[in-house]
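Okay, structure first, notes after.
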Amino acid sequence: MLALTRKIGEQIVIGDNVVLTIVDIKGDSIRVAIEAPKDIKIYRGEIYETIVAANKQSAQSGDLNKLDILKGIRLP
């Protein structure tokens, strides 16, 4: 992990196309602006962890026996 000290207005460049700019600092909170291509997904850490946990749960909790009810369905 890389830890950097930045002041308001200073930037951090990641790769060729992601730029983080320090927008504001109030107490122990920092506002960061992120410039990145639209195809790069950006999540807050706690949201990303929730998504990962939900994906793991949905992948593990499937009861395949319940899918047998679909065998009787006929499409027109």
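Residues are referred to by chain and number: the chain letter is A, B, ... according to the order shown in the structure tokens, the number counts from 1 in that chain, and ligands are numbered separately from 1 in the order shown.
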Requested in this report: With a distance cut-off of 6 Å and only C-alpha atoms, select the neighbouring residues of Leu20 of chain A, excluding the residue or stretch itself and same-chain residues fewer than 4 positions from it, and output the selection as a list in words.
Outcome: Gln11, Ile12, Ala33 and Ile34 of chain A
Would you mind exporting all heavy atoms of the selected residues as an mmCIF file, in the first residue's frame?
data_model
loop_
_atom_site.group_PDB
_atom_site.id
_atom_site.type_symbol
_atom_site.label_atom_id
_atom_site.label_comp_id
_atom_site.auth_asym_id
_atom_site.auth_seq_id
_atom_site.Cartn_x
_atom_site.Cartn_y
_atom_site.Cartn_z
ATOM 1 N N GLN A 11 -3.015 16.542 -6.778
ATOM 2 C CA GLN A 11 -3.575 15.371 -7.441
ATOM 3 C C GLN A 11 -2.719 14.134 -7.253
ATOM 4 O O GLN A 11 -1.529 14.218 -6.949
ATOM 5 C CB GLN A 11 -3.719 15.640 -8.948
ATOM 6 C CG GLN A 11 -4.664 16.765 -9.272
ATOM 7 C CD GLN A 11 -4.745 17.026 -10.754
ATOM 8 O OE1 GLN A 11 -3.761 16.870 -11.479
ATOM 9 N NE2 GLN A 11 -5.911 17.426 -11.219
ATOM 10 N N ILE A 12 -3.369 13.000 -7.496
ATOM 11 C CA ILE A 12 -2.707 11.707 -7.566
ATOM 12 C C ILE A 12 -3.142 11.102 -8.896
ATOM 13 O O ILE A 12 -4.329 11.068 -9.210
ATOM 14 C CB ILE A 12 -3.127 10.788 -6.402
ATOM 15 C CG1 ILE A 12 -2.720 11.416 -5.065
ATOM 16 C CG2 ILE A 12 -2.531 9.390 -6.569
ATOM 17 C CD1 ILE A 12 -3.311 10.725 -3.861
ATOM 18 N N ALA A 33 -12.158 14.277 -5.645
ATOM 19 C CA ALA A 33 -12.793 14.215 -6.961
ATOM 20 C C ALA A 33 -12.031 13.187 -7.790
ATOM 21 O O ALA A 33 -10.799 13.140 -7.746
ATOM 22 C CB ALA A 33 -12.751 15.579 -7.632
ATOM 23 N N ILE A 34 -12.776 12.373 -8.529
ATOM 24 C CA ILE A 34 -12.167 11.311 -9.318
ATOM 25 C C ILE A 34 -12.512 11.512 -10.784
ATOM 26 O O ILE A 34 -13.677 11.605 -11.141
ATOM 27 C CB ILE A 34 -12.665 9.921 -8.857
ATOM 28 C CG1 ILE A 34 -12.399 9.733 -7.365
ATOM 29 C CG2 ILE A 34 -12.017 8.815 -9.691
ATOM 30 C CD1 ILE A 34 -13.097 8.522 -6.775
#
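Distance-wise, atom CA of Glu35 of chain A and atom CA of Val19 of chain A end up 5.1 Å apart.
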Report summary line: Students should find that atom CA of Ile51 of chain A and atom CA of Ala36 of chain A are spaced 20.9 Å
Requested in this report: Enumerate the residues of chain A with a DSSP assignment of strand (DSSP E), computed from the backbone, and present them as a ChimeraX atom specification.
Outcome: /A:11-14,18-26,29-35
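Between atom CA of Ala54 of chain A and atom CA of Asp39 of chain A the interatomic distance comes to 22.1 Å.
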From chain A, collect each residue whose DSSP state is alpha helix (DSSP H) and return the set as an mmCIF file with N, CA and C atoms, in the first residue's frame.
data_model
loop_
_atom_site.group_PDB
_atom_site.id
_atom_site.type_symbol
_atom_site.label_atom_id
_atom_site.label_comp_id
_atom_site.auth_asym_id
_atom_site.auth_seq_id
_atom_site.Cartn_x
_atom_site.Cartn_y
_atom_site.Cartn_z
ATOM 1 N N GLY A 45 -15.764 2.022 -0.506
ATOM 2 C CA GLY A 45 -15.336 0.721 0.009
ATOM 3 C C GLY A 45 -16.447 -0.087 0.637
ATOM 4 N N GLU A 46 -17.279 0.545 1.467
ATOM 5 C CA GLU A 46 -18.345 -0.189 2.161
ATOM 6 C C GLU A 46 -19.420 -0.671 1.187
ATOM 7 N N ILE A 47 -19.658 0.072 0.125
ATOM 8 C CA ILE A 47 -20.624 -0.357 -0.889
ATOM 9 C C ILE A 47 -20.066 -1.546 -1.665
ATOM 10 N N TYR A 48 -18.797 -1.476 -2.032
ATOM 11 C CA TYR A 48 -18.165 -2.573 -2.756
ATOM 12 C C TYR A 48 -18.194 -3.859 -1.932
ATOM 13 N N GLU A 49 -17.900 -3.760 -0.637
ATOM 14 C CA GLU A 49 -17.927 -4.939 0.236
ATOM 15 C C GLU A 49 -19.321 -5.539 0.302
ATOM 16 N N THR A 50 -20.354 -4.702 0.335
ATOM 17 C CA THR A 50 -21.737 -5.180 0.350
ATOM 18 C C THR A 50 -22.075 -5.909 -0.946
ATOM 19 N N ILE A 51 -21.642 -5.371 -2.082
ATOM 20 C CA ILE A 51 -21.880 -6.008 -3.375
ATOM 21 C C ILE A 51 -21.194 -7.368 -3.442
ATOM 22 N N VAL A 52 -19.949 -7.434 -3.008
ATOM 23 C CA VAL A 52 -19.200 -8.696 -3.024
ATOM 24 C C VAL A 52 -19.884 -9.729 -2.136
ATOM 25 N N ALA A 53 -20.301 -9.327 -0.936
ATOM 26 C CA ALA A 53 -20.968 -10.254 -0.013
ATOM 27 C C ALA A 53 -22.286 -10.741 -0.595
ATOM 28 N N ALA A 54 -23.056 -9.854 -1.214
ATOM 29 C CA ALA A 54 -24.334 -10.254 -1.811
ATOM 30 C C ALA A 54 -24.110 -11.218 -2.967
ATOM 31 N N ASN A 55 -23.093 -10.974 -3.774
ATOM 32 C CA ASN A 55 -22.789 -11.879 -4.887
ATOM 33 C C ASN A 55 -22.380 -13.252 -4.389
ATOM 34 N N LYS A 56 -21.568 -13.299 -3.336
ATOM 35 C CA LYS A 56 -21.164 -14.589 -2.769
ATOM 36 C C LYS A 56 -22.367 -15.334 -2.219
ATOM 37 N N GLN A 57 -23.251 -14.617 -1.522
ATOM 38 C CA GLN A 57 -24.429 -15.247 -0.927
ATOM 39 C C GLN A 57 -25.362 -15.785 -2.005
ATOM 40 N N SER A 58 -25.590 -15.026 -3.057
ATOM 41 C CA SER A 58 -26.497 -15.487 -4.111
ATOM 42 C C SER A 58 -25.909 -16.680 -4.859
ATOM 43 N N ALA A 59 -24.599 -16.746 -4.965
ATOM 44 C CA ALA A 59 -23.962 -17.873 -5.646
ATOM 45 C C ALA A 59 -24.017 -19.147 -4.817
ATOM 46 N N GLN A 60 -24.069 -19.017 -3.499
ATOM 47 C CA GLN A 60 -24.037 -20.177 -2.618
ATOM 48 C C GLN A 60 -25.417 -20.638 -2.174
#
Query - Near-Arg31 of chain A list (10 Å; only C-alpha atoms; drop same-chain fewer than 4 positions) as a count of residues only - result: 7
